[in-house]
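Working notes, structure below.
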Amino acid sequence: MVLFVAQSVLLLVAIAVALPIGVLVVECVIAAILPTIRPHTDGLDTAAKVTVLMPAHNEASNITPVLQSIQQQLRPQDTLLVIADNCTDDTANVARATGAQVLERQDAQRRGKGYALDFGLRALAADAPDVVVMMDADCLTTGGSLLTLAAQALTTGRPVQSRYLFAVPDAPSSKALISAFAITVKNWVRPLGMRQLGLPSLLFGTGMAFPWSVLMTVDLASGHIVEDMKLGLDLAIAGHPPLFDPNVQVMGQLPDSTQAATSQRTRWEHGHLTVLRDYVPQLLGQSFQQGRMDLFALALDLAVPPLTLLVMLWVLAVGLTGLAAGVGLGWLPILVTAIAGGLLFIAIATAWLRFARQDIPLGSLVTFAGYLLWKIPLYFKFLVKPQSDWVRTERSQAKSSSPK
């Protein structure tokens with residue numbers, strides 16, 4: 001009996017690691033082999049009003065080129081509104097100097113991007129636009145147009161998420177290159193695979209367009225550290241699953257310093273794991289309650305942990321099931337784990353070959369083991385004391401990048 005229980009537990013461990021790897025490989029392979037879908041829209045109605053809403057916290061040194069880039073895309077009836085949120089620098093005046101409309105918000109207790117966005121939407125409600133496009137203050141549009149996103153949002157009646165990637169610092173370290181690759185997989189490859197299958201996307205926090213009526217169905221006033229991901233899932237459950245558009249690209253900048261990079265990745269991944277823990281059961285429950293397979297697929301997508309954590313879990317599973325096989329507890333768990341490892345290699349290799357080899361040298365991926373060691377304290381901290389407060393990442397200077 002004890003032997004049977006031990007074998008069953010080991011098999012469950014192997015399957016628990018293999019399932020998200022299976023989802024990952026399907027998304028990566030589908031994205032790589034199917035031609036990218038060109039969304040069909042009739043263009044933006046000439047009477048439609050678009051507002052670009054930008055929360056900004058102490059962004060005076062970076063915000064000017066970002067605002068100028070956005071204003072070049074807008075029409076006379078469109079608006080660029082900056083929410084200078086709890087700023088202690090000259091963000092508001094710098095933004096006004098570019099011609100943007102600016103609202104200043106001071107609230108030391110309710111800090112975070114979600115509160116700033118809610119403040120902006122309340123200000124817009126008296127003369128609401130047809131579409132709201134949300135942009136971060138450190139991101140440049142490097143492919144396509146924000147108005148293309150707005151047109152899709154109006155045509156489909158759904159939120160639309162652009163492709164959101166990160167430029168690496170000058171003379172980047174292998175750590176920065178691997179981080180950029182992981183973001184490429186998360187923010188381009190996997191949502192493209194979901195799109196090719198006719199399934200919804202997560203939201204990434206910038207380069208997002210929403211019909212006004214859709215935004216009114218959820219509450220954005222949240223201090224959640226990944227409020228964008230939470231927003232997308234709340235909208236999906238409410239009947240407005242986000243749509244991914246890979247043809248419009250928004251580019252951010254990875255931090256130059258190790259401290260800033262660690263802070264950024266801690267916030268992102270602790271937030272991701274918190275949302276995974278809280279929303280996978282909700283999505284599964286709502287998928288059965290509402291009879292919606294798109295929510296079931298979104299739950300499977302969300303259940304895939306960050307790429308480096310997935311590799312770590314696989315390595316641990318290999319060690320555990322391999323040791324168990326060596327002491328006579330059966331070979332099936334290690335066989336399942338080995339097959340999962342082959343699929344994981346296929347997923348990573350496919351994503352790199354099809355989407356990243358021009359920008360991320362293969363040699364940088366060879367140092368992946370060192371990157372994993374860097375991330376171990378981050379995940380251990382999540383188990384002990386997960387980050388729950390929003391913390392601004394120290395910025396590098398915003399700069400243009402050619403589209404990938």
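Chain lettering (A, B, ...) mirrors the order of the structure tokens, residue numbering begins at 1 for each chain separately, and ligand numbering begins at 1 in order of display.
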
For A:Asp107, please output as a list of chain:residue names all residues within 12 Å (counting only C-alpha atoms; exclusion window: fewer than 6 positions along the same chain).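 The residues that qualify are A:Ala84, A:Asp85, A:Asn86, A:Cys87, A:Tyr115, A:Ala116, A:Phe119.
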
For A:His270, list every protein, DNA or RNA residue within 7 Å, evaluated using only C-alpha atoms, and leave out those in the same chain fewer than 3 positions away; present the list as an mmCIF file with N, CA and C atoms, in the first residue's frame.
data_model
loop_
_atom_site.group_PDB
_atom_site.id
_atom_site.type_symbol
_atom_site.label_atom_id
_atom_site.label_comp_id
_atom_site.auth_asym_id
_atom_site.auth_seq_id
_atom_site.Cartn_x
_atom_site.Cartn_y
_atom_site.Cartn_z
ATOM 1 N N THR A 266 11.119 40.707 -9.773
ATOM 2 C CA THR A 266 10.429 40.289 -8.555
ATOM 3 C C THR A 266 8.969 40.712 -8.594
ATOM 4 N N ARG A 267 8.724 41.964 -8.969
ATOM 5 C CA ARG A 267 7.340 42.453 -9.035
ATOM 6 C C ARG A 267 6.550 41.681 -10.068
ATOM 7 N N LEU A 273 2.665 34.861 -10.207
ATOM 8 C CA LEU A 273 2.376 33.669 -9.417
ATOM 9 C C LEU A 273 1.160 33.876 -8.517
ATOM 10 N N THR A 274 0.995 35.093 -8.000
ATOM 11 C CA THR A 274 -0.189 35.388 -7.188
ATOM 12 C C THR A 274 -1.457 35.277 -8.021
ATOM 13 N N PHE A 382 9.148 34.398 -2.756
ATOM 14 C CA PHE A 382 7.697 34.303 -2.960
ATOM 15 C C PHE A 382 7.085 33.329 -1.960
ATOM 16 N N PRO A 386 5.798 36.947 -0.262
ATOM 17 C CA PRO A 386 5.585 37.465 -1.610
ATOM 18 C C PRO A 386 5.384 38.977 -1.611
ATOM 19 N N GLN A 387 5.933 39.618 -2.636
ATOM 20 C CA GLN A 387 5.777 41.071 -2.748
ATOM 21 C C GLN A 387 4.328 41.405 -3.064
#

What parts of stretch 118-256 of chain A does DSSP call strand (DSSP E or B)? I'd like the answer as a VMD selection string. chain A and resid 131 to 134 140 to 143 160 to 167 208 to 211 243 to 253

If you run DSSP on this backbone, which residues of stretch 153-293 of chain A come out as alpha helix (DSSP H), and could you give them as an MDAnalysis selection string? chainID A and resid 153:156 174:184 190:196 212:215 227:237 258:290 293

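Using only C-alpha atoms, the shortest contact distance between A:Ile30 and any of A:Ala351, A:Ile83, A:Met135, A:Ala340 is found at A:Ala351.
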
Using only C-alpha atoms, which of A:Trp268, A:Tyr279, A:Tyr164, A:Trp352 sits nearest A:Ala299?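 Among A:Trp268, A:Tyr279, A:Tyr164, A:Trp352, it is A:Tyr279 that comes nearest to A:Ala299.
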
Might you pull out every residue within 6 Å of A:Leu81, with only C-alpha atoms counted and same-chain residues fewer than 6 positions away left off, and present them as a compact mmCIF listing (two decimals) with N, CA and C atoms, in the first residue's frame?
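The resulting around18.txt:
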# COMPACT_ATOMS: atom_id res chain seq x y z
N LEU A 53 -4.47 57.06 -22.59
CA LEU A 53 -4.37 57.31 -21.15
C LEU A 53 -3.04 56.77 -20.64
N GLN A 101 -2.57 66.72 -22.35
CA GLN A 101 -3.39 67.10 -21.21
C GLN A 101 -2.86 66.35 -19.98
N VAL A 102 -2.87 67.02 -18.84
CA VAL A 102 -2.28 66.44 -17.63
C VAL A 102 -3.22 66.63 -16.44

Write out as a ChimeraX atom specification the residues lying within 9 Å of A:Ile334, counting only C-alpha atoms and excluding same-chain residues fewer than 2 positions away. /A:10-11,14,317-325,330-332,336-339

Determine the nearest neighbour of A:Phe345 from the options A:Pro377, A:Ile183, A:Asp89, A:Gly22, counting only C-alpha atoms.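 Nearest to A:Phe345: A:Gly22.
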
Rounded to one decimal place, report the atom CA of A:Leu203-atom CA of A:Phe380 distance in Å.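 Pair atom CA of A:Leu203 / atom CA of A:Phe380 returns 26.0 Å.
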
Set the distance at 8 Å and use only C-alpha atoms: which residues neighbour stretch 194-200 of chain A once local chain neighbours fewer than 2 positions away are removed? I'd like the list as an mmCIF file with N, CA and C atoms, in the first residue's frame.
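out_4.cif, freshly written:
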data_model
loop_
_atom_site.group_PDB
_atom_site.id
_atom_site.type_symbol
_atom_site.label_atom_id
_atom_site.label_comp_id
_atom_site.auth_asym_id
_atom_site.auth_seq_id
_atom_site.Cartn_x
_atom_site.Cartn_y
_atom_site.Cartn_z
ATOM 1 N N GLU A 27 1.497 25.993 -27.769
ATOM 2 C CA GLU A 27 1.453 27.421 -28.102
ATOM 3 C C GLU A 27 2.642 27.814 -28.986
ATOM 4 N N ILE A 30 2.414 26.048 -32.603
ATOM 5 C CA ILE A 30 1.336 26.645 -33.390
ATOM 6 C C ILE A 30 1.733 28.048 -33.865
ATOM 7 N N ALA A 31 2.336 28.834 -32.977
ATOM 8 C CA ALA A 31 2.774 30.183 -33.350
ATOM 9 C C ALA A 31 3.808 30.144 -34.460
ATOM 10 N N LEU A 34 2.014 28.277 -38.143
ATOM 11 C CA LEU A 34 0.864 28.853 -38.838
ATOM 12 C C LEU A 34 1.149 30.296 -39.231
ATOM 13 N N THR A 36 0.766 34.211 -39.572
ATOM 14 C CA THR A 36 0.160 35.179 -38.668
ATOM 15 C C THR A 36 -1.134 35.728 -39.252
ATOM 16 N N ILE A 37 -2.171 35.722 -38.444
ATOM 17 C CA ILE A 37 -3.477 36.223 -38.882
ATOM 18 C C ILE A 37 -3.441 37.744 -38.937
ATOM 19 N N ARG A 190 3.697 32.934 -27.143
ATOM 20 C CA ARG A 190 2.560 32.231 -26.560
ATOM 21 C C ARG A 190 1.220 32.889 -26.893
ATOM 22 N N PRO A 191 1.074 34.217 -26.753
ATOM 23 C CA PRO A 191 -0.217 34.807 -27.145
ATOM 24 C C PRO A 191 -0.504 34.682 -28.630
ATOM 25 N N LEU A 192 0.553 34.644 -29.472
ATOM 26 C CA LEU A 192 0.326 34.419 -30.895
ATOM 27 C C LEU A 192 -0.230 33.020 -31.127
ATOM 28 N N LEU A 202 -3.803 37.178 -22.466
ATOM 29 C CA LEU A 202 -3.630 37.986 -21.272
ATOM 30 C C LEU A 202 -3.354 39.422 -21.680
ATOM 31 N N PRO A 241 -13.201 38.796 -23.467
ATOM 32 C CA PRO A 241 -11.833 38.264 -23.488
ATOM 33 C C PRO A 241 -10.925 39.065 -24.407
ATOM 34 N N PRO A 242 -9.736 39.452 -23.939
ATOM 35 C CA PRO A 242 -8.830 40.246 -24.764
ATOM 36 C C PRO A 242 -8.348 39.499 -26.009
ATOM 37 N N LEU A 243 -8.069 40.279 -27.036
ATOM 38 C CA LEU A 243 -7.601 39.775 -28.330
ATOM 39 C C LEU A 243 -6.168 40.247 -28.543
ATOM 40 N N PHE A 244 -5.312 39.372 -29.022
ATOM 41 C CA PHE A 244 -3.905 39.720 -29.257
ATOM 42 C C PHE A 244 -3.690 40.159 -30.700
ATOM 43 N N ASP A 294 -13.249 29.109 -23.938
ATOM 44 C CA ASP A 294 -12.176 30.098 -23.985
ATOM 45 C C ASP A 294 -11.628 30.365 -22.581
ATOM 46 N N ALA A 297 -9.359 27.432 -21.737
ATOM 47 C CA ALA A 297 -8.059 27.578 -22.408
ATOM 48 C C ALA A 297 -7.223 28.658 -21.739
ATOM 49 N N LEU A 298 -7.855 29.749 -21.303
ATOM 50 C CA LEU A 298 -7.134 30.831 -20.633
ATOM 51 C C LEU A 298 -6.587 30.350 -19.290
#

Shell of 12 Å around A:Val23, only C-alpha atoms, local chain residues under 2 positions omitted, as an mmCIF file with C-alpha atoms, in the first residue's frame:
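Output (around-v4.cif):
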data_model
loop_
_atom_site.group_PDB
_atom_site.id
_atom_site.type_symbol
_atom_site.label_atom_id
_atom_site.label_comp_id
_atom_site.auth_asym_id
_atom_site.auth_seq_id
_atom_site.Cartn_x
_atom_site.Cartn_y
_atom_site.Cartn_z
ATOM 1 C CA ALA A 16 1.918 18.277 -12.796
ATOM 2 C CA VAL A 17 5.167 19.366 -14.469
ATOM 3 C CA ALA A 18 4.333 17.808 -17.842
ATOM 4 C CA LEU A 19 0.923 19.491 -18.250
ATOM 5 C CA PRO A 20 2.111 23.142 -18.365
ATOM 6 C CA ILE A 21 5.019 22.064 -20.579
ATOM 7 C CA VAL A 25 4.877 23.463 -26.587
ATOM 8 C CA VAL A 26 1.469 23.620 -28.288
ATOM 9 C CA GLU A 27 1.453 27.421 -28.102
ATOM 10 C CA CYS A 28 5.043 27.754 -29.387
ATOM 11 C CA VAL A 29 4.690 25.253 -32.233
ATOM 12 C CA ILE A 30 1.336 26.645 -33.390
ATOM 13 C CA ARG A 190 2.560 32.231 -26.560
ATOM 14 C CA PRO A 191 -0.217 34.807 -27.145
ATOM 15 C CA GLY A 193 -0.230 30.682 -30.537
ATOM 16 C CA MET A 194 -3.425 31.378 -28.598
ATOM 17 C CA ALA A 297 -8.059 27.578 -22.408
ATOM 18 C CA LEU A 298 -7.134 30.831 -20.633
ATOM 19 C CA ALA A 299 -6.843 28.904 -17.354
ATOM 20 C CA LEU A 300 -4.437 26.443 -18.987
ATOM 21 C CA ASP A 301 -2.408 29.320 -20.424
ATOM 22 C CA LEU A 302 -2.273 31.106 -17.065
ATOM 23 C CA ALA A 303 -1.260 27.852 -15.323
ATOM 24 C CA VAL A 304 2.060 27.863 -17.211
ATOM 25 C CA PRO A 305 4.509 29.462 -14.741
ATOM 26 C CA LEU A 310 9.091 25.962 -15.290
ATOM 27 C CA ALA A 340 8.237 16.469 -20.753
ATOM 28 C CA LEU A 343 8.852 18.792 -25.194
ATOM 29 C CA LEU A 344 10.307 21.674 -23.183
ATOM 30 C CA ALA A 347 9.211 24.625 -27.184
#

10 Å contact set for A:Leu146, only C-alpha atoms, chain neighbours under 3 positions out, as a PyMOL selection string: chain A and resi 50+52+70+73-74+133-135+141+143+149-151+162+207-209+248-250

Atom CA of A:Ser61 to atom CA of A:Thr88, distance in Å rounded to a single decimal: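 It comes out at 12.5 Å.
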
Between A:Thr184, A:Ser263, A:Ser69, A:Gln161, which is the closest to A:Asp228 once you count only C-alpha atoms?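 Smallest separation from A:Asp228 among the options: A:Gln161.
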
Between atom CA of A:Val311 and atom CA of A:Ile360, what is the distance in Å, rounded to a tenth? 18.9 Å
